[in-house]
>>> print(open('coords37.cif').read())   # mmCIF, C-alpha atoms
data_start
loop_
_atom_site.label_atom_id
_atom_site.label_comp_id
_atom_site.auth_asym_id
_atom_site.auth_seq_id
_atom_site.Cartn_x
_atom_site.Cartn_y
_atom_site.Cartn_z
CA MET A 15 73.40 -24.77 4.79
CA ALA A 16 72.94 -24.94 8.53
CA LYS A 17 69.46 -25.47 9.85
CA HIS A 18 67.54 -22.57 11.34
CA HIS A 19 67.31 -22.55 15.11
CA ILE A 20 63.84 -21.28 15.96
CA GLU A 21 62.32 -20.34 19.31
CA ALA A 22 58.55 -19.94 19.49
CA THR A 23 55.65 -20.32 21.91
CA VAL A 24 53.57 -23.39 21.07
CA ASN A 25 50.37 -23.95 23.03
CA GLY A 26 51.66 -21.62 25.72
CA ASP A 27 55.02 -23.37 26.14
CA ALA A 28 58.38 -21.97 25.04
CA MET A 29 59.78 -24.37 22.47
CA GLU A 30 62.78 -24.48 20.21
CA PHE A 31 63.42 -26.52 17.11
CA LEU A 32 65.67 -26.84 14.10
CA CYS A 33 64.28 -26.66 10.58
CA GLU A 34 65.27 -26.32 6.95
CA THR A 35 64.06 -23.27 5.01
CA GLU A 36 61.60 -25.35 3.00
CA ASP A 37 60.04 -27.01 6.06
CA THR A 38 56.52 -25.74 6.62
CA LEU A 39 55.10 -25.05 10.05
CA LEU A 40 53.01 -28.19 9.52
CA ASP A 41 56.18 -30.25 8.88
CA VAL A 42 57.71 -28.85 12.06
CA LEU A 43 54.61 -29.46 14.18
CA ARG A 44 54.10 -33.04 13.00
CA ASP A 45 57.61 -34.34 12.36
CA THR A 46 59.78 -32.37 14.79
CA LEU A 47 57.52 -31.44 17.69
CA GLN A 48 55.44 -34.64 17.37
CA LEU A 49 52.22 -32.61 17.50
CA THR A 50 50.40 -34.78 14.98
CA GLY A 51 46.89 -33.47 15.64
CA SER A 52 47.21 -31.02 12.74
CA LYS A 53 46.70 -33.09 9.59
CA GLU A 54 48.19 -32.85 6.14
CA GLY A 55 45.45 -32.97 3.54
CA CYS A 56 46.36 -30.99 0.42
CA SER A 57 49.53 -29.02 1.31
CA SER A 58 48.21 -26.18 -0.81
CA GLY A 59 45.95 -24.28 1.58
CA ASP A 60 42.73 -25.66 0.13
CA CYS A 61 41.49 -28.16 2.74
CA GLY A 62 42.08 -26.60 6.16
CA ALA A 63 43.05 -29.89 7.88
CA CYS A 64 46.29 -28.23 9.07
CA SER A 65 44.55 -25.15 10.56
CA VAL A 66 46.35 -23.56 13.49
CA MET A 67 46.36 -20.17 15.16
CA LEU A 68 49.42 -17.99 14.47
CA ASN A 69 49.52 -14.97 16.81
CA GLY A 70 45.78 -15.42 17.32
CA ARG A 71 45.03 -15.56 13.58
CA LEU A 72 43.60 -18.63 11.84
CA VAL A 73 45.99 -19.90 9.14
CA CYS A 74 46.88 -23.06 7.24
CA SER A 75 50.15 -24.31 8.75
CA CYS A 76 51.06 -25.82 5.37
CA LEU A 77 51.31 -22.27 3.99
CA VAL A 78 53.65 -20.99 6.71
CA LEU A 79 57.39 -21.67 6.81
CA GLY A 80 58.74 -23.03 10.08
CA CYS A 81 61.36 -20.29 10.22
CA GLU A 82 58.66 -17.61 9.94
CA VAL A 83 57.31 -18.37 13.43
CA ALA A 84 60.46 -17.33 15.30
CA GLY A 85 59.34 -15.32 18.30
CA HIS A 86 55.68 -15.89 17.52
CA ARG A 87 52.81 -17.74 19.17
CA VAL A 88 51.36 -20.90 17.65
CA ASP A 89 48.27 -22.62 19.03
CA THR A 90 47.27 -26.06 17.75
CA ILE A 91 44.48 -28.56 18.35
CA GLU A 92 46.63 -30.10 21.12
CA GLY A 93 46.10 -26.96 23.21
CA VAL A 94 42.30 -26.83 22.87
CA ALA A 95 41.38 -29.28 25.66
CA LYS A 96 42.47 -28.35 29.17
CA GLY A 97 44.07 -31.54 30.47
CA GLN A 98 41.36 -34.18 30.37
CA ALA A 99 38.58 -31.59 30.07
CA LEU A 100 37.37 -31.28 26.50
CA HIS A 101 36.56 -27.87 25.05
CA PRO A 102 32.79 -27.42 24.50
CA LEU A 103 33.41 -27.64 20.73
CA GLN A 104 35.09 -31.03 21.13
CA GLN A 105 32.28 -32.18 23.42
CA LYS A 106 29.60 -31.07 20.95
CA PHE A 107 31.38 -32.64 17.97
CA LEU A 108 31.24 -35.92 19.90
CA GLU A 109 27.61 -35.52 20.99
CA HIS A 110 26.44 -34.64 17.47
CA ALA A 111 28.68 -37.22 15.80
CA ALA A 112 30.07 -34.35 13.74
CA LEU A 113 32.89 -36.47 12.44
CA GLN A 114 33.18 -39.57 10.34
CA CYS A 115 36.75 -40.47 9.39
CA GLY A 116 38.03 -37.65 11.62
CA ILE A 117 40.90 -36.36 9.50
CA CYS A 118 39.32 -32.93 9.01
CA THR A 119 38.14 -32.67 12.62
CA PRO A 120 41.15 -30.97 14.26
CA GLY A 121 41.09 -28.29 11.56
CA PHE A 122 37.34 -27.79 11.98
CA ILE A 123 37.69 -27.48 15.77
CA VAL A 124 40.53 -24.96 15.56
CA ALA A 125 38.72 -22.93 12.89
CA SER A 126 35.38 -23.05 14.78
CA LYS A 127 37.06 -21.96 18.00
CA ALA A 128 38.50 -18.96 16.16
CA LEU A 129 35.02 -18.12 14.85
CA LEU A 130 33.31 -18.34 18.24
CA GLU A 131 35.96 -16.16 19.85
CA LYS A 132 35.15 -13.44 17.29
CA ASN A 133 31.45 -14.09 16.97
CA PRO A 134 29.82 -15.89 19.91
CA ASN A 135 26.44 -16.21 18.19
CA PRO A 136 26.99 -16.94 14.49
CA THR A 137 24.22 -17.74 12.03
CA ASP A 138 24.31 -20.89 9.89
CA THR A 139 25.46 -18.78 6.96
CA GLU A 140 28.25 -17.17 8.98
CA ILE A 141 29.41 -20.59 10.16
CA ARG A 142 29.39 -22.02 6.63
CA TYR A 143 31.29 -19.08 5.14
CA TRP A 144 33.84 -19.05 7.96
CA LEU A 145 34.40 -22.81 7.59
CA ALA A 146 34.41 -22.80 3.78
CA GLY A 147 38.17 -23.36 3.87
CA ASN A 148 37.75 -26.60 5.83
CA LEU A 149 36.84 -29.53 3.65
CA CYS A 150 35.22 -32.74 4.91
CA ARG A 151 35.66 -35.49 2.37
CA CYS A 152 32.99 -37.54 4.20
CA THR A 153 30.73 -34.49 3.59
CA GLY A 154 29.35 -34.40 7.11
CA TYR A 155 28.81 -30.67 7.02
CA ASP A 156 25.32 -30.43 8.51
CA LYS A 157 26.35 -32.15 11.73
CA ILE A 158 29.43 -29.97 11.96
CA VAL A 159 27.35 -26.79 11.64
CA THR A 160 24.88 -28.11 14.24
CA ALA A 161 27.73 -28.93 16.63
CA VAL A 162 29.27 -25.47 16.23
CA LYS A 163 25.90 -23.79 16.90
CA ASP A 164 25.33 -25.96 19.96
CA ALA A 165 28.85 -25.27 21.24
CA ALA A 166 28.18 -21.55 20.76
CA VAL A 167 25.10 -21.89 23.02
CA ALA A 168 27.16 -23.77 25.63
CA LEU A 169 29.94 -21.17 25.54
CA ARG A 170 27.49 -18.27 25.85
CA LYS A 171 26.02 -19.90 28.97
CA GLY A 172 29.61 -20.11 30.25
CA MET B 10 67.56 -22.39 0.00
CA ARG B 11 68.33 -19.34 2.12
CA TYR B 12 65.73 -17.54 4.26
CA GLU B 13 66.21 -13.97 5.44
CA ALA B 14 63.84 -11.68 7.33
CA PRO B 15 65.41 -8.20 7.30
CA ASP B 16 63.77 -5.45 9.36
CA THR B 17 64.72 -2.54 7.08
CA LEU B 18 63.96 -1.67 3.46
CA GLU B 19 67.68 -1.22 2.80
CA GLY B 20 68.40 -4.68 4.20
CA ALA B 21 65.80 -6.26 1.93
CA VAL B 22 67.02 -4.36 -1.14
CA ALA B 23 70.65 -5.36 -0.45
CA LEU B 24 69.65 -9.03 -0.17
CA LEU B 25 67.53 -8.94 -3.33
CA SER B 26 70.16 -7.03 -5.32
CA GLY B 27 73.00 -9.29 -4.28
CA ALA B 28 71.24 -12.60 -4.75
CA PRO B 29 73.05 -14.82 -7.27
CA GLY B 30 70.08 -17.07 -8.13
CA GLU B 31 66.34 -16.53 -8.14
CA ALA B 32 65.11 -14.52 -5.18
CA ARG B 33 61.49 -14.43 -4.03
CA ILE B 34 59.64 -12.13 -1.69
CA LEU B 35 57.64 -13.79 1.06
CA ALA B 36 54.67 -11.85 2.42
CA GLY B 37 51.65 -14.09 3.13
CA GLY B 38 53.11 -17.04 1.24
CA THR B 39 49.72 -18.23 -0.04
CA ASP B 40 51.00 -18.29 -3.62
CA LEU B 41 54.75 -18.72 -3.05
CA LEU B 42 54.54 -21.80 -0.83
CA VAL B 43 52.09 -23.51 -3.20
CA GLN B 44 54.39 -22.79 -6.15
CA MET B 45 57.42 -24.07 -4.23
CA ARG B 46 55.56 -27.24 -3.29
CA ALA B 47 54.62 -27.78 -6.93
CA ASP B 48 58.24 -27.12 -8.02
CA VAL B 49 57.05 -24.21 -10.17
CA VAL B 50 59.63 -22.01 -8.45
CA GLU B 51 62.83 -23.02 -6.68
CA PRO B 52 64.24 -19.80 -5.26
CA ALA B 53 67.81 -19.68 -3.98
CA LEU B 54 66.75 -16.94 -1.56
CA ILE B 55 63.50 -16.10 0.21
CA VAL B 56 63.22 -12.59 1.65
CA ASP B 57 60.45 -12.33 4.23
CA ILE B 58 59.41 -8.65 4.28
CA LYS B 59 56.98 -8.82 7.21
CA LYS B 60 59.49 -7.52 9.76
CA ILE B 61 59.78 -4.25 7.83
CA LYS B 62 57.30 -1.97 9.61
CA GLU B 63 56.23 -0.06 6.49
CA THR B 64 54.99 -3.24 4.82
CA ARG B 65 52.66 -3.96 7.74
CA ALA B 66 51.23 -0.50 8.43
CA VAL B 67 47.94 1.17 7.50
CA ALA B 68 47.96 4.95 7.94
CA GLU B 69 46.36 8.13 6.61
CA GLU B 70 48.69 10.10 4.35
CA LYS B 71 48.03 13.33 2.45
CA GLY B 72 44.31 12.82 2.93
CA GLY B 73 44.51 9.33 1.44
CA TRP B 74 45.45 5.95 2.84
CA ARG B 75 48.77 4.14 2.69
CA ILE B 76 48.46 0.37 3.02
CA GLY B 77 51.53 -1.82 3.54
CA ALA B 78 52.11 -4.47 0.91
CA ALA B 79 52.12 -7.20 3.58
CA VAL B 80 48.90 -6.21 5.37
CA THR B 81 46.60 -9.24 5.34
CA GLY B 82 43.04 -9.48 4.05
CA SER B 83 41.75 -10.06 7.59
CA GLU B 84 43.50 -6.94 8.83
CA LEU B 85 42.03 -4.88 5.99
CA LYS B 86 38.55 -6.17 6.81
CA GLU B 87 38.92 -5.34 10.50
CA HIS B 88 40.24 -1.83 9.90
CA PRO B 89 37.74 0.66 11.37
CA ARG B 90 37.82 3.13 8.43
CA LEU B 91 38.99 1.54 5.19
CA LYS B 92 35.77 -0.32 4.49
CA GLN B 93 33.82 2.96 4.48
CA VAL B 94 36.28 4.89 2.34
CA TRP B 95 37.27 2.14 -0.13
CA PRO B 96 34.58 -0.56 0.05
CA GLY B 97 35.45 -1.90 -3.41
CA VAL B 98 39.13 -2.37 -2.64
CA ILE B 99 38.43 -4.07 0.67
CA GLU B 100 35.74 -6.38 -0.70
CA ALA B 101 38.03 -7.35 -3.58
CA ALA B 102 40.87 -8.21 -1.21
CA ASN B 103 38.45 -10.16 0.99
CA LEU B 104 37.25 -12.28 -1.94
CA ILE B 105 40.60 -14.06 -2.11
CA GLY B 106 40.48 -17.55 -0.62
CA SER B 107 39.20 -18.92 2.68
CA THR B 108 39.31 -17.51 6.21
CA GLN B 109 42.70 -19.21 6.63
CA VAL B 110 44.03 -17.69 3.40
CA GLN B 111 42.66 -14.26 4.42
CA GLY B 112 44.73 -14.55 7.60
CA ARG B 113 47.88 -14.51 5.47
CA ALA B 114 47.17 -13.25 1.95
CA THR B 115 48.23 -9.69 1.04
CA MET B 116 47.54 -7.18 -1.73
CA GLY B 117 51.28 -6.88 -2.41
CA GLY B 118 51.43 -10.60 -3.03
CA ASN B 119 48.24 -10.60 -5.07
CA LEU B 120 49.75 -7.98 -7.40
CA CYS B 121 53.26 -9.44 -7.58
CA ASN B 122 52.07 -13.00 -8.15
CA GLY B 123 51.44 -11.61 -11.62
CA SER B 124 48.07 -13.18 -12.38
CA PRO B 125 45.65 -11.36 -14.71
CA ALA B 126 42.84 -12.83 -12.56
CA ALA B 127 44.05 -11.35 -9.25
CA ASP B 128 40.96 -10.00 -7.46
CA SER B 129 42.41 -7.03 -5.60
CA VAL B 130 44.26 -5.64 -8.62
CA PRO B 131 41.31 -4.32 -10.71
CA ALA B 132 39.96 -2.69 -7.55
CA LEU B 133 43.33 -1.04 -6.82
CA ILE B 134 43.68 0.14 -10.42
CA ALA B 135 40.14 1.54 -10.44
CA ALA B 136 40.94 3.28 -7.17
CA GLY B 137 43.93 5.00 -8.75
CA ALA B 138 46.30 3.32 -6.30
CA VAL B 139 50.02 3.93 -6.67
CA ALA B 140 52.55 1.28 -5.64
CA THR B 141 55.63 2.50 -3.80
CA LEU B 142 58.69 0.43 -4.66
CA ALA B 143 62.02 0.22 -2.88
CA GLY B 144 65.12 -0.67 -4.87
CA PRO B 145 68.86 -0.17 -5.27
CA GLU B 146 68.28 3.36 -6.61
CA GLY B 147 65.93 4.32 -3.81
CA ARG B 148 62.18 4.61 -3.90
CA ARG B 149 59.90 5.19 -6.82
CA ASP B 150 56.15 5.27 -7.33
CA LEU B 151 54.42 3.33 -10.06
CA PRO B 152 50.67 3.34 -10.81
CA VAL B 153 49.38 -0.15 -10.06
CA GLU B 154 48.27 -0.58 -13.70
CA ASP B 155 51.93 -0.25 -14.75
CA VAL B 156 53.31 -2.86 -12.33
CA MET B 157 52.18 -5.95 -14.20
CA LEU B 158 53.29 -6.47 -17.80
CA GLY B 159 51.82 -9.91 -18.45
CA PRO B 160 51.29 -13.27 -16.74
CA ARG B 161 54.10 -13.62 -14.12
CA LYS B 162 55.87 -10.61 -15.66
CA LEU B 163 56.36 -7.45 -13.60
CA ALA B 164 57.88 -4.06 -14.35
CA LEU B 165 60.06 -4.38 -11.23
CA LYS B 166 63.83 -4.18 -11.72
CA LYS B 167 66.27 -6.50 -9.99
CA GLY B 168 66.39 -5.68 -6.31
CA GLU B 169 63.04 -3.88 -6.31
CA PHE B 170 59.95 -4.84 -4.37
CA VAL B 171 56.54 -3.35 -3.53
CA VAL B 172 56.54 -1.74 -0.09
CA SER B 173 53.07 -0.20 0.06
CA PHE B 174 50.12 1.22 -1.85
CA LEU B 175 48.82 4.78 -1.65
CA LEU B 176 45.10 5.25 -2.18
CA PRO B 177 44.22 8.85 -3.09
CA PRO B 178 42.02 11.20 -1.01
CA ARG B 179 38.26 10.72 -1.42
CA PRO B 180 36.07 13.75 -2.06
CA PRO B 181 32.41 13.67 -0.93
CA ARG B 182 30.08 11.50 -3.06
CA SER B 183 32.77 9.14 -4.25
CA SER B 184 32.89 5.38 -3.94
CA ASP B 185 33.96 2.14 -5.59
CA ALA B 186 32.89 -1.46 -6.17
CA TYR B 187 34.40 -4.70 -7.40
CA LEU B 188 32.52 -7.69 -8.79
CA ARG B 189 33.81 -10.95 -10.18
CA PHE B 190 32.27 -13.95 -11.84
CA ILE B 191 33.13 -17.43 -10.61
CA PRO B 192 31.18 -20.64 -11.30
CA ARG B 193 30.52 -21.22 -7.58
CA THR B 194 29.66 -18.99 -4.62
CA GLU B 195 33.06 -18.74 -2.90
CA MET B 196 36.77 -19.35 -3.18
CA ASP B 197 37.51 -19.61 -6.87
CA ILE B 198 39.60 -17.76 -9.42
CA ALA B 199 37.90 -14.95 -11.32
CA VAL B 200 36.62 -15.73 -14.81
CA VAL B 201 36.09 -11.97 -15.12
CA GLY B 202 36.64 -9.22 -12.53
CA ALA B 203 35.44 -5.61 -12.82
CA GLY B 204 36.39 -2.66 -10.63
CA VAL B 205 34.77 0.77 -10.86
CA SER B 206 35.59 3.88 -8.86
CA LEU B 207 33.72 7.14 -9.39
CA ILE B 208 32.90 10.59 -8.09
CA ALA B 209 29.45 12.19 -8.45
CA ASP B 210 28.19 15.73 -7.98
CA ALA B 211 25.27 16.74 -5.77
CA GLY B 212 22.83 15.98 -8.60
CA GLY B 213 24.13 12.45 -9.03
CA THR B 214 26.05 13.18 -12.25
CA ILE B 215 29.35 11.32 -12.52
CA THR B 216 32.25 13.79 -12.69
CA ALA B 217 35.16 11.34 -12.73
CA ALA B 218 35.55 7.57 -13.06
CA ARG B 219 38.08 4.79 -13.44
CA VAL B 220 37.23 1.32 -14.73
CA SER B 221 39.46 -1.75 -14.58
CA LEU B 222 38.95 -5.29 -15.86
CA GLY B 223 40.65 -8.50 -14.73
CA ALA B 224 40.99 -11.92 -16.36
CA VAL B 225 40.07 -10.66 -19.83
CA ALA B 226 43.59 -9.98 -21.14
CA ALA B 227 47.22 -10.85 -20.43
CA ARG B 228 47.28 -8.20 -17.73
CA VAL B 229 44.71 -6.38 -15.64
CA LEU B 230 43.41 -3.52 -17.79
CA LEU B 231 42.68 0.10 -17.07
CA VAL B 232 39.89 1.01 -19.50
CA PRO B 233 39.73 4.81 -20.00
CA ALA B 234 37.10 4.47 -22.76
CA ALA B 235 34.74 2.81 -20.29
CA ALA B 236 35.25 5.63 -17.82
CA GLN B 237 34.64 8.25 -20.54
CA ALA B 238 31.40 6.46 -21.42
CA ILE B 239 29.83 7.35 -18.07
CA VAL B 240 31.46 10.66 -17.07
CA GLY B 241 28.87 13.41 -17.43
CA SER B 242 26.00 10.94 -17.09
CA ARG B 243 23.81 9.84 -14.21
CA LEU B 244 24.30 6.28 -15.35
CA ASP B 245 20.98 6.18 -17.17
CA ARG B 246 20.32 3.35 -19.57
CA PRO B 247 22.14 4.84 -22.60
CA ALA B 248 25.22 5.49 -20.44
CA GLN B 249 25.05 1.92 -19.13
CA ASP B 250 24.93 0.65 -22.71
CA ARG B 251 27.94 2.76 -23.68
CA LEU B 252 29.78 1.49 -20.60
CA GLU B 253 29.05 -2.14 -21.44
CA ALA B 254 30.15 -1.67 -25.04
CA ALA B 255 33.40 0.06 -24.03
CA ALA B 256 34.20 -2.64 -21.48
CA ARG B 257 33.59 -5.39 -24.02
CA ALA B 258 35.67 -3.63 -26.65
CA ALA B 259 38.67 -3.60 -24.31
CA CYS B 260 38.62 -7.36 -23.72
CA ALA B 261 41.18 -9.65 -25.33
CA PRO B 262 40.64 -12.83 -23.34
CA ILE B 263 41.71 -16.43 -23.83
CA ASP B 264 39.58 -19.55 -23.99
CA ASP B 265 40.29 -21.79 -21.04
CA LYS B 266 38.61 -24.27 -18.74
CA ARG B 267 37.03 -21.47 -16.72
CA GLY B 268 35.42 -19.58 -19.57
CA THR B 269 35.30 -19.07 -23.30
CA ILE B 270 36.25 -15.86 -25.07
CA ASP B 271 32.61 -15.06 -25.91
CA PHE B 272 31.48 -15.70 -22.36
CA ARG B 273 34.21 -13.56 -20.83
CA VAL B 274 33.50 -10.64 -23.17
CA GLN B 275 29.76 -10.85 -22.45
CA VAL B 276 30.24 -11.07 -18.69
CA ALA B 277 32.79 -8.22 -18.66
CA GLY B 278 30.07 -5.86 -19.90
CA VAL B 279 27.50 -7.06 -17.39
CA LEU B 280 29.83 -6.92 -14.39
CA THR B 281 31.17 -3.49 -15.30
CA ARG B 282 27.63 -2.10 -15.51
CA ARG B 283 26.62 -3.68 -12.20
CA ALA B 284 29.81 -2.52 -10.44
CA ALA B 285 29.26 1.03 -11.72
CA LEU B 286 25.65 1.00 -10.44
CA ILE B 287 26.80 -0.18 -7.01
CA ALA B 288 29.60 2.40 -6.90
CA LEU B 289 27.19 5.22 -7.83
CA ASP B 290 24.65 4.05 -5.28
CA ARG B 291 27.35 4.07 -2.61
CA ALA B 292 28.66 7.46 -3.76
CA ARG B 293 25.22 9.04 -3.24
CA THR B 294 25.51 8.42 0.50
CA ALA B 295 29.30 8.75 0.85
#
>>> encode(input="coords37.cif", output="structure tokens")
Amino acid sequence: MAKHHIEATVNGDAMEFLCETEDTLLDVLRDTLQLTGSKEGCSSGDCGACSVMLNGRLVCSCLVLGCEVAGHRVDTIEGVAKGQALHPLQQKFLEHAALQCGICTPGFIVASKALLEKNPNPTDTEIRYWLAGNLCRCTGYDKIVTAVKDAAVALRKG
Amino acid sequence: MRYEAPDTLEGAVALLSGAPGEARILAGGTDLLVQMRADVVEPALIVDIKKIKETRAVAEEKGGWRIGAAVTGSELKEHPRLKQVWPGVIEAANLIGSTQVQGRATMGGNLCNGSPAADSVPALIAAGAVATLAGPEGRRDLPVEDVMLGPRKLALKKGEFVVSFLLPPRPPRSSDAYLRFIPRTEMDIAVVGAGVSLIADAGGTITAARVSLGAVAARVLLVPAAAQAIVGSRLDRPAQDRLEAAARAACAPIDDKRGTIDFRVQVAGVLTRRAALIALDRARTA
């Protein structure tokens, strides 16, 4: 069967790609569009390493088919920094050393950004519940929560 | 594997009816994609129903609420009214998975995945929700408790799919609650789930109730005997004891890695009592 020809907006840019029905959005991002910031951890929606925004909603890109995003808006970790300027979350993850091996980090940043856009001043508990779908195999959770709280302060100051 | 995303009910029914091999509905995909990845299912056709407006809408109807089968958990949570009118249904739907999963997962999918441990299903059954199906012979309504026949087995005919759910009107002093037991604090599959919906009079006496139990039998159960045990009472201790006993009597669970038969039966009684107390407490101020 012929491949699907899909047009979508990725990180603000109009893009088109070809995909098979069984290709996930994560497959398309990494293997076709060469946006390899989103990571493949479990491929079953358990680890959150592939987190992206789909029409402004946080999702696991491994649980979305590539052909489902036709006409929709996808935002990935690659769109979080503005040119060379890091997003406050990225800056605070660096300052607080909130990453060890780094595989989970893009997913944590995308998920945390979604949280802070909804809730600019989250409690520790709110951060931990929101990020419960992002797993860090190095178990560096405390530093991640600290970095998110600090980034929230920075963002509130503007 | 073919993928289609029709924008009408008729288009979806035609695709599902005409499919030569196995056809699967795609709503949020949080079960389907995992099962495809694990080679548990290999559909010849995937029909994405999210472009059909009715599957994505939430609207008042006949004094109740109609919720599209493909409305996500996040959208239910953010709805300005549903949480007040049906707190049990919404909290049950919101117990499923992580933030990311909530962004995609739907009550239609939760029901049609056909798991006896589905969290939103006992809450929908307790609520008296009716599923509206579309199929080759048109539409029909089926109470949610009649949709699932057993693990992965549904009462849907070939070409049929769930379009939406209708939650009935709520009189004053009515409310609902859903509780589940899992061995951790978040994101796990129910060992037992209990949904209770009830209506009270001005004196706090229960005038009507529905009780549903998940993960204690091959399908999610509606337990009329448990409801009868508390109707006419103010949920005093004897009524609570009758409720617990009726809930336990309805259980026919399996032993598995998540819980033993004895444990599930015990917990079913406890959770049903607690859910009823929460529902009555909410009803007093509703």
>>> interface_residues(input="coords37.cif", of="chain B", to="chain A", cutoff="10 Å", atoms="all atoms listed in the file", output="PyMOL selection string")
chain B and resi 10-14+35+37-47+54-55+57+59+83-84+106-114+194-196
>>> atom_distance(input="coords37.cif", atom1="CA of Ile208 (chain B)", atom2="CA of Arg291 (chain B)")
10.2 Å
>>> resolve_selection(input="coords37.cif", expression="the PyMOL selection byres ((chain B and resi 234) around 9)", output="PyMOL selection string")
chain B and resi 220+232-233+235-238+252+255-256+259
>>> resolve_selection(input="coords37.cif", expression="the PyMOL selection byres ((chain A and resi 46-55) around 7)", output="count of residues only")
15
>>> atom_distance(input="coords37.cif", atom1="CA of Gly80 (chain A)", atom2="CA of Leu40 (chain A)")
7.7 Å
